[in-house]
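Just protein26.cif here, mmCIF, C-alpha atoms:
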data_query
loop_
_atom_site.label_atom_id
_atom_site.label_comp_id
_atom_site.auth_asym_id
_atom_site.auth_seq_id
_atom_site.Cartn_x
_atom_site.Cartn_y
_atom_site.Cartn_z
CA MET I 1 0.00 0.00 0.00
CA LYS I 2 2.84 2.35 0.84
CA ALA I 3 4.43 1.79 -2.59
CA LYS I 4 1.12 2.52 -4.31
CA ALA I 5 0.67 5.73 -2.33
CA GLU I 6 4.21 6.86 -3.09
CA ALA I 7 3.73 6.08 -6.78
CA GLU I 8 0.52 8.09 -6.96
CA LYS I 9 2.06 10.98 -5.02
CA HIS I 10 5.07 11.22 -7.35
CA LEU I 11 2.88 10.76 -10.43
CA ALA I 12 0.65 13.64 -9.36
CA LEU I 13 3.67 15.86 -8.71
CA GLY I 14 5.24 14.86 -12.02
CA LEU I 15 2.08 15.71 -13.95
CA GLU I 16 1.79 19.04 -12.16
CA TYR I 17 5.37 20.00 -12.98
CA LEU I 18 4.88 18.86 -16.57
CA ARG I 19 1.81 21.10 -16.95
CA ASN I 20 3.92 24.00 -15.67
CA LYS I 21 6.66 23.09 -18.20
CA LYS I 22 9.18 22.31 -15.46
CA THR I 23 10.49 19.26 -17.24
CA GLY I 24 13.48 18.66 -14.95
CA ALA I 25 11.33 18.32 -11.84
CA ALA I 26 8.69 16.40 -13.82
CA ARG I 27 11.25 13.80 -14.91
CA HIS I 28 12.42 13.28 -11.32
CA HIS I 29 8.95 12.59 -9.94
CA LEU I 30 7.84 10.47 -12.88
CA LEU I 31 10.92 8.30 -12.51
CA MET I 32 10.16 7.96 -8.80
CA ALA I 33 6.60 6.93 -9.68
CA LEU I 34 7.99 4.21 -11.95
CA PHE I 35 10.37 3.13 -9.21
CA TYR I 36 7.46 2.45 -6.89
CA ARG I 37 5.15 1.13 -9.63
CA PRO I 38 7.11 -0.16 -12.67
CA GLY I 39 5.12 -0.27 -15.90
CA ASP I 40 2.70 2.50 -14.91
CA ARG I 41 1.36 3.51 -18.35
CA LYS I 42 0.46 7.06 -17.35
CA ALA I 43 3.89 7.65 -15.86
CA LEU I 44 5.62 6.17 -18.91
CA GLU I 45 3.64 8.29 -21.38
CA SER I 46 4.19 11.43 -19.33
CA LEU I 47 7.88 10.69 -18.96
CA GLU I 48 8.19 10.43 -22.74
CA LYS I 49 6.69 13.92 -23.04
CA ALA I 50 9.09 15.23 -20.42
CA LEU I 51 12.09 13.67 -22.14
CA PHE I 52 11.02 14.51 -25.68
CA PRO I 53 8.81 17.61 -25.86
CA PRO I 54 6.78 18.58 -28.97
CA GLU I 55 9.83 20.44 -30.25
CA ALA I 56 11.38 17.07 -31.10
CA ILE I 57 11.05 15.00 -34.28
CA THR I 58 10.40 11.28 -33.88
CA TYR I 59 11.94 9.20 -36.67
CA HIS I 60 11.81 5.42 -37.11
CA VAL I 61 15.04 4.29 -38.76
CA LYS I 62 14.53 2.20 -41.88
CA LYS I 63 16.82 -0.20 -43.68
CA GLY I 64 19.27 1.72 -45.85
CA ASP I 65 19.01 4.93 -43.82
CA THR I 66 22.20 6.84 -43.14
CA ASN I 67 22.87 9.95 -41.10
CA LEU I 68 23.12 11.89 -44.36
CA SER I 69 19.88 10.55 -45.86
CA ILE I 70 17.99 11.27 -42.63
CA ALA I 71 19.37 14.83 -42.51
CA LYS I 72 18.22 15.41 -46.09
CA LYS I 73 14.82 13.88 -45.42
CA LEU I 74 14.01 15.68 -42.16
CA TYR I 75 15.97 18.92 -42.41
CA HIS I 76 16.40 19.19 -46.19
CA ASP I 77 19.99 20.10 -45.41
CA PRO I 78 22.98 17.71 -45.72
CA GLN I 79 24.95 19.98 -43.38
CA LYS I 80 22.71 18.79 -40.54
CA THR I 81 24.25 15.30 -40.84
CA PHE I 82 26.34 15.95 -37.73
CA LEU I 83 23.14 16.54 -35.75
CA VAL I 84 21.65 13.20 -36.76
CA ALA I 85 24.98 11.48 -36.15
CA TYR I 86 25.14 12.92 -32.65
CA PHE I 87 21.69 11.72 -31.60
CA ALA I 88 21.92 8.40 -33.44
CA GLY I 89 25.38 7.68 -32.11
CA SER I 90 24.59 8.70 -28.54
CA ARG I 91 23.42 5.14 -27.87
CA HIS I 92 25.96 3.00 -29.69
CA ASN I 93 28.61 5.28 -31.24
CA GLY I 94 27.71 4.33 -34.77
CA PRO I 95 25.28 4.88 -37.66
CA PRO I 96 21.52 4.60 -37.13
CA VAL I 97 20.24 1.07 -36.66
CA PRO I 98 17.13 -0.07 -38.57
CA GLY I 99 14.17 -0.30 -36.23
CA GLU I 100 15.41 2.17 -33.63
CA ILE I 101 13.59 5.42 -32.89
CA LEU I 102 15.48 8.71 -33.09
CA TYR I 103 14.34 11.81 -31.25
CA LEU I 104 15.81 14.78 -33.08
CA PRO I 105 15.48 18.50 -32.33
CA LEU I 106 13.05 20.49 -34.41
CA ILE I 107 14.92 23.28 -36.17
CA GLU I 108 13.16 26.07 -37.97
CA GLY I 109 14.56 26.86 -41.35
CA PRO I 110 13.64 27.78 -44.91
CA PRO I 111 11.30 25.41 -46.75
CA PRO I 112 12.97 22.88 -49.02
CA VAL I 113 13.76 24.08 -52.49
CA LYS I 114 11.66 22.37 -55.10
CA LYS I 115 14.02 21.07 -57.73
CA PRO I 116 12.92 20.71 -61.33
CA ARG I 117 12.12 17.38 -62.87
CA PRO I 118 15.16 16.64 -65.06
CA LEU I 119 13.30 15.35 -68.12
CA THR I 120 10.87 18.22 -68.67
CA SER I 121 13.40 20.82 -67.54
CA ILE I 122 16.14 19.70 -69.92
CA GLN I 123 13.70 19.96 -72.83
CA LYS I 124 12.78 23.49 -71.79
CA ALA I 125 16.46 24.42 -71.37
CA ARG I 126 17.19 23.17 -74.89
CA SER I 127 14.29 25.21 -76.23
CA LEU I 128 15.58 28.35 -74.50
CA PHE I 129 19.06 27.74 -75.90
CA ALA I 130 17.68 27.27 -79.43
CA ARG I 131 15.83 30.60 -79.09
CA LYS I 132 19.08 32.25 -77.94
CA LYS I 133 17.70 32.98 -74.49
CA TYR I 134 21.04 32.03 -73.04
CA ARG I 135 20.72 33.50 -69.55
CA GLU I 136 17.43 31.70 -68.94
CA ALA I 137 18.87 28.49 -70.36
CA ILE I 138 21.86 28.73 -68.01
CA SER I 139 19.64 29.30 -64.97
CA LEU I 140 17.46 26.29 -65.72
CA ALA I 141 20.38 24.03 -66.65
CA GLU I 142 22.23 24.92 -63.44
CA ASN I 143 19.15 23.92 -61.45
CA ILE I 144 19.17 20.58 -63.24
CA VAL I 145 22.85 20.05 -62.41
CA ALA I 146 22.09 20.88 -58.77
CA TYR I 147 19.48 18.10 -58.86
CA GLY I 148 22.10 15.64 -60.09
CA PRO I 149 24.83 15.16 -62.73
CA SER I 150 23.57 15.81 -66.24
CA LYS I 151 25.77 15.79 -69.33
CA SER I 152 23.03 17.43 -71.40
CA ALA I 153 22.57 20.26 -68.90
CA ARG I 154 26.32 20.83 -68.70
CA GLU I 155 26.43 21.05 -72.50
CA ILE I 156 23.72 23.72 -72.45
CA ILE I 157 25.61 25.70 -69.80
CA ASN I 158 28.84 25.57 -71.79
CA GLY I 159 27.11 26.44 -75.04
CA SER I 160 25.20 29.35 -73.52
CA TYR I 161 28.22 30.94 -71.86
CA TYR I 162 30.22 30.39 -75.04
CA ALA I 163 27.58 32.15 -77.15
CA LEU I 164 27.36 35.06 -74.69
CA ALA I 165 31.15 35.40 -74.72
CA LEU I 166 31.21 35.57 -78.51
CA GLN I 167 28.58 38.33 -78.40
CA LYS I 168 30.74 40.40 -76.03
CA LEU I 169 33.75 39.75 -78.23
CA LYS I 170 31.93 41.16 -81.26
CA GLU I 171 31.10 44.24 -79.18
CA ASN I 172 34.82 44.57 -78.33
CA ARG I 173 34.03 44.17 -74.63
CA LEU I 174 37.05 42.04 -73.96
CA VAL I 175 36.96 41.93 -70.16
CA GLU I 176 33.37 40.70 -70.11
CA ALA I 177 34.10 38.25 -72.93
CA ARG I 178 37.00 36.70 -71.02
CA LYS I 179 34.91 36.36 -67.84
CA LEU I 180 32.22 34.54 -69.79
CA PHE I 181 34.72 32.25 -71.52
CA GLU I 182 36.12 31.39 -68.09
CA MET I 183 32.70 29.96 -67.18
CA VAL I 184 33.07 27.41 -69.99
CA ASN I 185 34.98 24.13 -69.80
CA ARG I 186 38.39 24.64 -71.40
CA ASP I 187 37.90 21.78 -73.85
CA TYR I 188 34.65 23.23 -75.22
CA GLY I 189 35.06 24.66 -78.74
CA LYS I 190 37.97 27.11 -78.90
CA THR I 191 37.54 28.29 -75.33
CA ALA I 192 41.17 27.75 -74.31
CA ASP I 193 42.42 29.67 -77.38
CA TYR I 194 40.00 32.54 -76.80
CA ILE I 195 41.03 32.88 -73.16
CA ARG I 196 44.72 32.85 -74.03
CA ASN I 197 44.33 35.42 -76.82
CA LEU I 198 42.08 37.68 -74.77
CA THR I 199 44.47 37.58 -71.83
CA ASN I 200 47.32 38.67 -74.09
CA GLN I 201 45.26 41.46 -75.66
CA LEU I 202 44.15 42.73 -72.28
CA ARG I 203 47.72 42.76 -71.00
CA VAL I 204 48.79 44.87 -73.99
CA ARG I 205 45.94 47.31 -73.39
CA ALA I 206 46.68 47.36 -69.67
CA ASP I 207 50.32 48.27 -70.31
CA TYR I 208 49.21 51.06 -72.65
CA HIS I 209 46.98 52.59 -69.96
CA TYR I 210 49.66 52.10 -67.32
CA LYS I 211 52.21 54.06 -69.34
CA LYS I 212 49.62 56.72 -70.07
CA GLY I 213 49.03 56.99 -66.33
CA VAL I 214 52.76 57.42 -65.72
CA ARG I 215 52.83 60.35 -68.15
CA TYR I 216 49.91 61.99 -66.37
CA PHE I 217 51.63 61.40 -63.03
CA LEU I 218 54.84 63.06 -64.24
CA ASP I 219 52.75 65.99 -65.45
CA GLU I 220 51.29 66.16 -61.90
CA LYS I 221 47.82 65.27 -63.16
CA LEU I 222 47.06 62.84 -60.35
CA ALA I 223 43.34 62.39 -60.99
CA ARG I 224 43.96 61.38 -64.60
CA ALA I 225 46.83 59.11 -63.58
CA ILE I 226 44.56 57.40 -61.06
CA SER I 227 41.88 56.91 -63.70
CA GLU I 228 44.36 55.31 -66.12
CA TRP I 229 45.75 52.96 -63.47
CA GLU I 230 42.25 51.94 -62.43
CA THR I 231 41.62 51.03 -66.06
CA THR I 232 44.91 49.12 -66.08
CA LEU I 233 43.81 46.98 -63.16
CA ARG I 234 40.39 46.40 -64.65
CA LEU I 235 42.07 45.02 -67.76
CA ASN I 236 44.78 43.15 -65.86
CA PRO I 237 44.12 42.73 -62.12
CA GLU I 238 47.60 41.18 -61.71
CA HIS I 239 49.44 44.34 -62.81
CA ALA I 240 51.57 44.84 -59.68
CA ARG I 241 53.14 48.19 -60.64
CA ALA I 242 49.77 49.75 -61.41
CA ARG I 243 48.42 48.58 -58.07
CA ALA I 244 51.37 50.02 -56.15
CA ASP I 245 51.40 53.32 -58.08
CA LEU I 246 47.65 53.70 -57.75
CA LYS I 247 47.90 53.36 -53.97
CA LYS I 248 50.60 56.02 -53.80
CA ALA I 249 48.75 58.39 -56.14
CA ARG I 250 45.52 58.13 -54.14
CA ALA I 251 47.41 58.88 -50.93
CA MET I 252 49.11 61.89 -52.52
CA LEU I 253 45.83 63.23 -53.90
CA LYS I 254 44.19 62.84 -50.51
CA ASN I 255 47.01 64.77 -48.83
CA LEU I 256 46.87 67.53 -51.44
CA ASN I 257 43.11 67.87 -51.05
CA GLY I 258 43.60 68.11 -47.31
CA LEU I 259 45.94 71.07 -47.72
CA GLN I 260 43.44 73.05 -49.76
#
Can you present the structure in this file as structure tokens?
Amino acid sequence: MKAKAEAEKHLALGLEYLRNKKTGAARHHLLMALFYRPGDRKALESLEKALFPPEAITYHVKKGDTNLSIAKKLYHDPQKTFLVAYFAGSRHNGPPVPGEILYLPLIEGPPPVKKPRPLTSIQKARSLFARKKYREAISLAENIVAYGPSKSAREIINGSYYALALQKLKENRLVEARKLFEMVNRDYGKTADYIRNLTNQLRVRADYHYKKGVRYFLDEKLARAISEWETTLRLNPEHARARADLKKARAMLKNLNGLQ
């Protein structure tokens, strides 16, 4: 009789603490209730709530599940693999075991990104490419590649960037053309040759503007010198002398403006 009374007393206290969201105290009294009356269904159910509140996700491990696959399924984020590994491994220091139940924290985050169906999307991407809507074709093809490897999508991406680069080349916009060619696989078309030739042309132009900047600097026309050296670096970001001289010229101009 004493055990029954103690069990009921601790159960009542445990339920009261649980209602007041004092889970630590609730766990203590519910465990005491089970000590005096093992198998008490009410105490067991309440203890489960105290141990795993609504903010937890209950997951039944299936055959073939891995920490990574569970993270993708529940959190839609492979970077949460460590979280699953921690809770799955807390019992046996290993991967999840089929049949076991995992209690994982509920984490708020952005909704999963709906990825396009590869078959219909690749057809649409090809249509966009054929209509010379290269930017749209690239966007759709990149989504397909994010879904999974696709040789056809990669071909559309290469072809679209290649076509855009050729357009910029015709407009004599060499910097933009080179950037676009650099988005293409080197073995696609004449990409490697275009990049090499454009790099050489841009270096020649960069040197021209650098020397022009030096002349302005010697004529004490700092603003014009700065402008020429900025152009130099836009054409050839690796031009060390232009970078150093530009820094000095800007400092000098700032000091001169401060004296006025």
Excluding same-chain residues fewer than 6 positions from I:Thr232, what lies within 8 Å of it counting all atoms listed in the file, as a list in words?
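Residues near the query, excluding close chain neighbours: Arg205, Ala206, Asp207, His209, Tyr210, His239 and Ala242 of chain I.
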Inset, instruction - List the residues selected by the PyMOL selection byres ((chain I and resi 138) around 8) in the file shown, writing them as a PyMOL selection string. - result: chain I and resi 125+134-137+139-142+156-157+160-161
_Atom pair atom CA of I:Leu15 / atom CA of I:Ala33: separation (Å)_ =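 So the answer is 10.8 Å.
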Using only C-alpha atoms, the shortest atom-to-atom distance to I:Pro98 among I:Lys62, I:Lys132, I:Arg203, I:Lys124 belongs to I:Lys62
Of I:Ala85, I:Leu102, I:Ala192, I:Leu222, the one nearest to I:Asn255 when counting only C-alpha atoms is I:Leu222
Next item on the list: Evaluate the PyMOL selection byres ((chain I and resi 235) around 7) on the structure here and hand back the selected residues as a ChimeraX atom specification.
Entry: /I:175,202-203,206,231-234,236-237
- Query: Once the PyMOL selection byres ((chain I and resi 10-14) around 10) has been applied to the shown file, what residues remain in the selection, as a VMD selection string?
  - Reply: chain I and resid 5 to 9 15 to 20 22 to 37 40 42 to 43 46 to 47 50
Just write the chosen residues, C-alpha atoms, as a PDB file, in the frame of the given file.
ATOM      1  CA  ALA I   5       0.670   5.730  -2.330  1.00  0.00           C
ATOM      2  CA  GLU I   6       4.210   6.860  -3.090  1.00  0.00           C
ATOM      3  CA  ALA I   7       3.730   6.080  -6.780  1.00  0.00           C
ATOM      4  CA  GLU I   8       0.520   8.090  -6.960  1.00  0.00           C
ATOM      5  CA  LYS I   9       2.060  10.980  -5.020  1.00  0.00           C
ATOM      6  CA  LEU I  15       2.080  15.710 -13.950  1.00  0.00           C
ATOM      7  CA  GLU I  16       1.790  19.040 -12.160  1.00  0.00           C
ATOM      8  CA  TYR I  17       5.370  20.000 -12.980  1.00  0.00           C
ATOM      9  CA  LEU I  18       4.880  18.860 -16.570  1.00  0.00           C
ATOM     10  CA  ARG I  19       1.810  21.100 -16.950  1.00  0.00           C
ATOM     11  CA  ASN I  20       3.920  24.000 -15.670  1.00  0.00           C
ATOM     12  CA  LYS I  22       9.180  22.310 -15.460  1.00  0.00           C
ATOM     13  CA  THR I  23      10.490  19.260 -17.240  1.00  0.00           C
ATOM     14  CA  GLY I  24      13.480  18.660 -14.950  1.00  0.00           C
ATOM     15  CA  ALA I  25      11.330  18.320 -11.840  1.00  0.00           C
ATOM     16  CA  ALA I  26       8.690  16.400 -13.820  1.00  0.00           C
ATOM     17  CA  ARG I  27      11.250  13.800 -14.910  1.00  0.00           C
ATOM     18  CA  HIS I  28      12.420  13.280 -11.320  1.00  0.00           C
ATOM     19  CA  HIS I  29       8.950  12.590  -9.940  1.00  0.00           C
ATOM     20  CA  LEU I  30       7.840  10.470 -12.880  1.00  0.00           C
ATOM     21  CA  LEU I  31      10.920   8.300 -12.510  1.00  0.00           C
ATOM     22  CA  MET I  32      10.160   7.960  -8.800  1.00  0.00           C
ATOM     23  CA  ALA I  33       6.600   6.930  -9.680  1.00  0.00           C
ATOM     24  CA  LEU I  34       7.990   4.210 -11.950  1.00  0.00           C
ATOM     25  CA  PHE I  35      10.370   3.130  -9.210  1.00  0.00           C
ATOM     26  CA  TYR I  36       7.460   2.450  -6.890  1.00  0.00           C
ATOM     27  CA  ARG I  37       5.150   1.130  -9.630  1.00  0.00           C
ATOM     28  CA  ASP I  40       2.700   2.500 -14.910  1.00  0.00           C
ATOM     29  CA  LYS I  42       0.460   7.060 -17.350  1.00  0.00           C
ATOM     30  CA  ALA I  43       3.890   7.650 -15.860  1.00  0.00           C
ATOM     31  CA  SER I  46       4.190  11.430 -19.330  1.00  0.00           C
ATOM     32  CA  LEU I  47       7.880  10.690 -18.960  1.00  0.00           C
ATOM     33  CA  ALA I  50       9.090  15.230 -20.420  1.00  0.00           C
TER      34      ALA I  50
END
#### Entry: Residues near I:Lys190, cut-off 12 Å, only C-alpha atoms, skip fewer than 6 positions along chain, as a count of residues only
11
